[in-house]
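The data block below is query39.txt; it holds compact mmCIF, C-alpha atoms.
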# COMPACT_ATOMS: atom_id res chain seq x y z
CA LYS A 1 83.87 -38.68 -13.86
CA ALA A 2 83.89 -39.85 -10.30
CA GLY A 3 85.18 -37.31 -7.80
CA VAL A 4 88.01 -37.61 -5.34
CA THR A 5 87.33 -40.37 -2.85
CA GLN A 6 88.83 -40.76 0.59
CA THR A 7 88.69 -43.73 2.90
CA PRO A 8 87.83 -44.15 5.62
CA ARG A 9 85.50 -41.22 6.23
CA TYR A 10 85.73 -41.45 9.99
CA LEU A 11 88.41 -42.89 12.21
CA ILE A 12 88.91 -43.08 15.96
CA LYS A 13 92.33 -43.94 17.31
CA THR A 14 94.15 -43.69 20.61
CA ARG A 15 97.37 -41.89 21.38
CA GLY A 16 100.45 -43.71 20.25
CA GLN A 17 98.76 -45.64 17.48
CA GLN A 18 99.38 -45.11 13.81
CA VAL A 19 96.91 -44.52 11.01
CA THR A 20 96.85 -44.74 7.23
CA LEU A 21 94.46 -42.68 5.14
CA SER A 22 93.76 -43.33 1.50
CA CYS A 23 92.89 -41.05 -1.40
CA SER A 24 91.85 -41.88 -4.94
CA PRO A 25 92.11 -38.88 -7.26
CA ILE A 26 89.93 -38.10 -10.22
CA SER A 27 90.84 -40.30 -13.15
CA GLY A 28 93.66 -38.74 -15.12
CA HIS A 29 94.81 -36.43 -12.33
CA ARG A 30 98.45 -36.99 -11.49
CA SER A 31 98.84 -34.48 -8.69
CA VAL A 32 97.60 -35.21 -5.18
CA SER A 33 97.87 -32.87 -2.21
CA TRP A 34 97.06 -33.47 1.42
CA TYR A 35 95.82 -30.92 3.95
CA GLN A 36 95.01 -30.88 7.62
CA GLN A 37 91.99 -28.79 8.62
CA THR A 38 91.34 -27.81 12.22
CA PRO A 39 89.07 -25.11 13.65
CA GLY A 40 91.99 -23.26 15.18
CA GLN A 41 94.61 -23.54 12.43
CA GLY A 42 92.49 -23.59 9.30
CA LEU A 43 93.93 -25.43 6.31
CA GLN A 44 97.52 -26.53 6.65
CA PHE A 45 99.40 -28.00 3.72
CA LEU A 46 100.96 -31.39 4.39
CA PHE A 47 102.50 -32.51 1.11
CA GLU A 48 102.00 -32.80 -2.62
CA TYR A 49 102.80 -35.68 -4.93
CA PHE A 50 103.14 -35.70 -8.65
CA SER A 51 103.82 -38.90 -10.58
CA GLU A 52 104.87 -40.78 -7.43
CA THR A 53 107.33 -38.05 -6.37
CA GLN A 54 106.88 -35.79 -3.41
CA ARG A 55 107.60 -32.35 -4.73
CA ASN A 56 106.52 -30.22 -1.81
CA LYS A 57 106.17 -30.65 1.93
CA GLY A 58 104.64 -28.47 4.61
CA ASN A 59 105.87 -27.82 8.12
CA PHE A 60 104.77 -31.01 9.81
CA PRO A 61 106.87 -33.40 11.89
CA GLY A 62 108.31 -36.55 10.41
CA ARG A 63 105.47 -38.56 11.95
CA PHE A 64 103.46 -37.45 8.94
CA SER A 65 104.41 -39.22 5.75
CA GLY A 66 102.86 -40.06 2.44
CA ARG A 67 103.32 -41.80 -0.82
CA GLN A 68 101.76 -42.03 -4.25
CA PHE A 69 101.36 -45.12 -6.35
CA SER A 70 101.71 -45.57 -10.07
CA ASN A 71 97.93 -45.30 -10.51
CA SER A 72 98.07 -41.89 -8.74
CA ARG A 73 96.31 -43.16 -5.64
CA SER A 74 97.89 -41.75 -2.52
CA GLU A 75 98.18 -42.67 1.11
CA MET A 76 99.23 -40.66 4.10
CA ASN A 77 100.44 -42.16 7.34
CA VAL A 78 100.61 -40.67 10.79
CA SER A 79 102.64 -42.57 13.35
CA THR A 80 102.62 -42.19 17.12
CA LEU A 81 99.37 -40.29 17.14
CA GLU A 82 98.93 -37.32 19.45
CA LEU A 83 95.74 -35.67 20.65
CA GLY A 84 96.55 -32.65 18.52
CA ASP A 85 96.39 -34.76 15.37
CA SER A 86 92.61 -34.83 15.63
CA ALA A 87 91.45 -33.06 12.48
CA LEU A 88 89.79 -33.34 9.13
CA TYR A 89 92.32 -34.58 6.58
CA LEU A 90 91.58 -33.47 3.07
CA CYS A 91 92.97 -34.82 -0.15
CA ALA A 92 92.88 -32.86 -3.38
CA SER A 93 93.77 -33.78 -6.93
CA SER A 94 94.68 -31.53 -9.79
CA PRO A 95 94.77 -32.07 -13.55
CA LEU A 96 98.40 -31.21 -14.04
CA ARG A 97 100.02 -32.30 -17.27
CA THR A 98 103.61 -31.61 -16.33
CA SER A 99 105.58 -30.80 -13.25
CA GLY A 100 106.57 -27.43 -14.65
CA ALA A 101 105.63 -23.99 -13.39
CA SER A 102 102.48 -23.85 -15.48
CA SER A 103 100.96 -26.42 -13.18
CA SER A 104 100.39 -23.60 -10.72
CA TYR A 105 97.43 -22.46 -12.81
CA ASN A 106 95.19 -25.37 -11.97
CA GLU A 107 92.49 -25.56 -9.38
CA GLN A 108 92.26 -28.49 -7.03
CA PHE A 109 89.40 -30.91 -6.57
CA PHE A 110 88.83 -31.94 -3.00
CA GLY A 111 87.55 -35.12 -1.48
CA PRO A 112 85.09 -35.15 1.44
CA GLY A 113 87.87 -35.73 3.93
CA THR A 114 88.67 -38.22 6.67
CA ARG A 115 87.68 -37.14 10.15
CA LEU A 116 90.35 -38.44 12.53
CA THR A 117 89.70 -38.39 16.26
CA VAL A 118 92.55 -39.25 18.61
CA LEU A 119 91.54 -40.19 22.15
CA ALA B 1 107.23 -14.61 3.32
CA GLN B 2 104.11 -15.41 1.37
CA SER B 3 100.83 -15.01 3.23
CA VAL B 4 97.11 -14.64 2.84
CA ALA B 5 94.83 -12.74 5.19
CA GLN B 6 91.09 -12.90 5.54
CA PRO B 7 90.47 -10.14 8.04
CA GLU B 8 86.91 -11.12 8.92
CA ASP B 9 86.12 -14.34 10.76
CA GLN B 10 82.44 -13.92 9.97
CA VAL B 11 80.35 -11.84 7.61
CA ASN B 12 76.61 -11.41 8.05
CA VAL B 13 74.47 -10.30 5.12
CA ALA B 14 70.73 -10.11 4.56
CA GLU B 15 69.37 -12.15 1.68
CA GLY B 16 69.19 -10.10 -1.49
CA ASN B 17 71.91 -7.69 -0.43
CA PRO B 18 75.35 -7.58 -2.05
CA LEU B 19 78.12 -9.42 -0.25
CA THR B 20 81.88 -9.01 -0.05
CA VAL B 21 84.37 -11.38 1.53
CA LYS B 22 87.80 -9.82 1.85
CA CYS B 23 91.21 -11.28 1.06
CA THR B 24 94.64 -9.70 0.95
CA TYR B 25 97.88 -11.41 0.04
CA SER B 26 101.62 -11.08 0.05
CA VAL B 27 103.79 -12.94 -2.46
CA SER B 28 107.17 -12.29 -3.97
CA GLY B 29 106.24 -12.84 -7.60
CA ASN B 30 103.06 -12.81 -9.63
CA PRO B 31 100.15 -14.14 -7.56
CA TYR B 32 97.91 -16.96 -8.63
CA LEU B 33 94.78 -16.43 -6.54
CA PHE B 34 91.91 -18.75 -5.78
CA TRP B 35 88.62 -18.79 -3.91
CA TYR B 36 87.11 -21.98 -2.53
CA VAL B 37 83.91 -22.63 -0.63
CA GLN B 38 83.19 -25.30 1.96
CA TYR B 39 79.64 -26.25 2.76
CA PRO B 40 78.95 -28.01 6.08
CA ASN B 41 80.31 -31.56 6.22
CA ARG B 42 81.65 -31.37 2.70
CA GLY B 43 85.03 -30.89 1.05
CA LEU B 44 86.13 -27.66 -0.54
CA GLN B 45 84.83 -26.62 -3.92
CA PHE B 46 86.61 -24.36 -6.38
CA LEU B 47 84.84 -21.05 -7.08
CA LEU B 48 87.19 -19.01 -9.24
CA LYS B 49 90.79 -18.08 -9.91
CA TYR B 50 92.92 -15.23 -11.13
CA ILE B 51 96.05 -16.00 -13.09
CA THR B 52 96.39 -13.09 -15.47
CA GLY B 53 94.23 -10.85 -17.61
CA ASP B 54 91.07 -9.01 -16.59
CA ASN B 55 91.02 -7.89 -13.00
CA LEU B 56 87.38 -8.94 -12.61
CA VAL B 57 87.04 -12.69 -12.57
CA LYS B 58 83.69 -14.46 -12.78
CA GLY B 59 83.14 -17.83 -11.18
CA SER B 60 80.59 -20.38 -10.10
CA TYR B 61 77.21 -19.67 -8.46
CA GLY B 62 77.22 -16.00 -9.51
CA PHE B 63 80.36 -15.10 -7.59
CA GLU B 64 83.06 -12.80 -8.88
CA ALA B 65 86.30 -11.45 -7.51
CA GLU B 66 88.28 -8.32 -8.20
CA PHE B 67 92.05 -8.44 -8.34
CA ASN B 68 93.66 -5.21 -7.17
CA LYS B 69 97.41 -5.27 -7.56
CA SER B 70 98.09 -1.96 -5.84
CA GLN B 71 96.11 -2.98 -2.77
CA THR B 72 97.22 -6.63 -3.01
CA SER B 73 93.62 -7.70 -2.60
CA PHE B 74 91.32 -10.26 -4.15
CA HIS B 75 87.89 -9.69 -2.64
CA LEU B 76 85.03 -12.06 -3.39
CA LYS B 77 81.72 -10.48 -4.31
CA LYS B 78 78.17 -11.32 -5.27
CA PRO B 79 75.49 -8.76 -6.24
CA SER B 80 72.60 -10.49 -4.47
CA ALA B 81 73.14 -12.99 -1.66
CA LEU B 82 71.18 -16.20 -1.24
CA VAL B 83 70.60 -18.12 1.98
CA SER B 84 72.24 -21.09 0.26
CA ASP B 85 75.47 -19.07 -0.02
CA SER B 86 75.99 -19.55 3.71
CA ALA B 87 79.25 -21.45 4.02
CA LEU B 88 82.93 -21.14 4.84
CA TYR B 89 84.99 -19.31 2.22
CA PHE B 90 88.73 -19.66 1.74
CA CYS B 91 91.10 -17.50 -0.21
CA ALA B 92 94.37 -19.05 -1.36
CA VAL B 93 97.46 -17.94 -3.23
CA ARG B 94 99.86 -20.20 -5.01
CA ASP B 95 103.52 -19.53 -4.71
CA GLY B 96 104.75 -20.23 -8.21
CA GLY B 97 108.19 -21.07 -6.91
CA ASN B 98 107.25 -24.24 -5.08
CA TYR B 99 103.67 -24.93 -6.19
CA GLN B 100 102.34 -24.78 -2.64
CA LEU B 101 98.95 -23.22 -1.99
CA ILE B 102 98.90 -20.84 0.96
CA TRP B 103 95.49 -20.56 2.56
CA GLY B 104 93.66 -17.89 4.46
CA ALA B 105 92.00 -18.79 7.75
CA GLY B 106 88.56 -18.76 6.19
CA THR B 107 85.53 -16.50 6.53
CA LYS B 108 82.18 -17.79 7.65
CA LEU B 109 79.47 -16.22 5.56
CA ILE B 110 75.98 -16.14 7.04
CA ILE B 111 73.08 -15.04 4.88
CA LYS B 112 69.95 -14.26 6.85
CA PRO B 113 66.49 -14.50 5.26
What do you get writing this file as structure tokens?
Amino acid sequence: KAGVTQTPRYLIKTRGQQVTLSCSPISGHRSVSWYQQTPGQGLQFLFEYFSETQRNKGNFPGRFSGRQFSNSRSEMNVSTLELGDSALYLCASSPLRTSGASSSYNEQFFGPGTRLTVL
Amino acid sequence: AQSVAQPEDQVNVAEGNPLTVKCTYSVSGNPYLFWYVQYPNRGLQFLLKYITGDNLVKGSYGFEAEFNKSQTSFHLKKPSALVSDSALYFCAVRDGGNYQLIWGAGTKLIIKP
């Protein structure tokens, strides 16, 4: 099976612009999570989608949004970019079968990330 | 509040020696614990997990972790370190109530030849 893919791999934007990142999960995986990784803050959870529904959201401002499509592909959008948004954005998929509590057992499979630089 | 702590920013080990990367956690219910590794310029890779059962969990690349409920710890171990084990290691705990993974800050493991 192909792994999790993320596009683009690298992105340079200026303050005030907006950006859309894309993630294609492993075939058959219905759960997609997004994380922001920075040297100072480590891994910060952004949101998780399961079957097109956002079921969990981290502590990020409303400028950060996401969605999931019927084929499980996901996008995240950041509007009005700030310098502090420069980071590696990681997408992860998980082979969850249901949205129930047992889904907590599963490991996540990560993509290589999108390196966003805001100038 | 749920949390994960990796008390060491960096661990240095000589090749061939045993290694330990520490992780402690705080959750309200039963913990679901994970270890991931990140090699330079690559995404994270799953190493192992503890859900229930034996306290000693074996994972990929010869790694294992010991769950200690009384000490709320889940330390990662390997009997004999390899230079190729040098990477960034993350401990994470899943809060079963809202499915969110809570991550430690990461520990940089350096194995010297």
If I take atom CA of B:Tyr36 and atom CA of B:Thr107, how far is one from the other in Å, to one decimal?
10.7 Å
Have a look at atom CA of A:Gln108 and atom CA of A:Ala92 and let me know their distance in Å, one decimal.
5.7 Å
Chain B contacts to chain A at 8 Å (all atoms listed in the file) as number ranges by chain
B: 32, 34, 41-46, 49, 51, 94-106
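Residue nearest B:Pro7, chosen from B:Thr24, B:Gly53, B:Leu19, B:Ser60 and counting all atoms listed in the file: B:Thr24.
Non-sequential neighbours of B:Ser86 (distance at most 12 Å, separation of 5 or more positions within a chain, all atoms listed in the file) are Gln10, Val11, Asn12, Val13, Ala14, Glu15, Leu19, Val21, Val37, Gln38, Tyr39, Pro40, Ala81, Thr107, Lys108, Leu109, Ile110, Ile111, Lys112 and Pro113 of chain B.
Atom CA of B:Leu48 is positioned 22.3 Å from atom CA of A:Thr5.
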Is there a way to get, as number ranges by chain, all residues within 6 Å of the point (90.9, -16.5, -0.9) in file coordinates, counting all atoms listed in the file?
B: 23, 34-35, 90-92
List the residues sitting within 10 Å of (99.7, -34.5, 18.9) in the file's frame, using only C-alpha atoms, as a ChimeraX atom specification.
/A:15-16,63,80-86,118
Please write the residues from the selection above to a file, keeping C-alpha atoms, as a PDB file, keeping the file's coordinate frame.
ATOM      1  CA  ARG A  15      97.370 -41.890  21.380  1.00  0.00           C
ATOM      2  CA  GLY A  16     100.450 -43.710  20.250  1.00  0.00           C
ATOM      3  CA  ARG A  63     105.470 -38.560  11.950  1.00  0.00           C
ATOM      4  CA  THR A  80     102.620 -42.190  17.120  1.00  0.00           C
ATOM      5  CA  LEU A  81      99.370 -40.290  17.140  1.00  0.00           C
ATOM      6  CA  GLU A  82      98.930 -37.320  19.450  1.00  0.00           C
ATOM      7  CA  LEU A  83      95.740 -35.670  20.650  1.00  0.00           C
ATOM      8  CA  GLY A  84      96.550 -32.650  18.520  1.00  0.00           C
ATOM      9  CA  ASP A  85      96.390 -34.760  15.370  1.00  0.00           C
ATOM     10  CA  SER A  86      92.610 -34.830  15.630  1.00  0.00           C
ATOM     11  CA  VAL A 118      92.550 -39.250  18.610  1.00  0.00           C
TER      12      VAL A 118
END
I'd like the neighbourhood of B:Gln2 as a VMD selection string, where a residue qualifies if any of its atoms comes within 7 Å (using only C-alpha atoms), though same-chain residues fewer than 5 positions away should be ignored.
chain B and resid 26 to 28
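Take the candidates A:Gln6, A:Ser93, A:Leu116, A:Ser31 and check each one against A:Glu75 using only C-alpha atoms; the shortest distance goes to A:Gln6.
Between B:Asn55 and the candidates B:Ser70, B:Tyr89, B:Asp9, B:Val4, the tightest atom-to-atom separation, counting all atoms listed in the file, involves B:Ser70.
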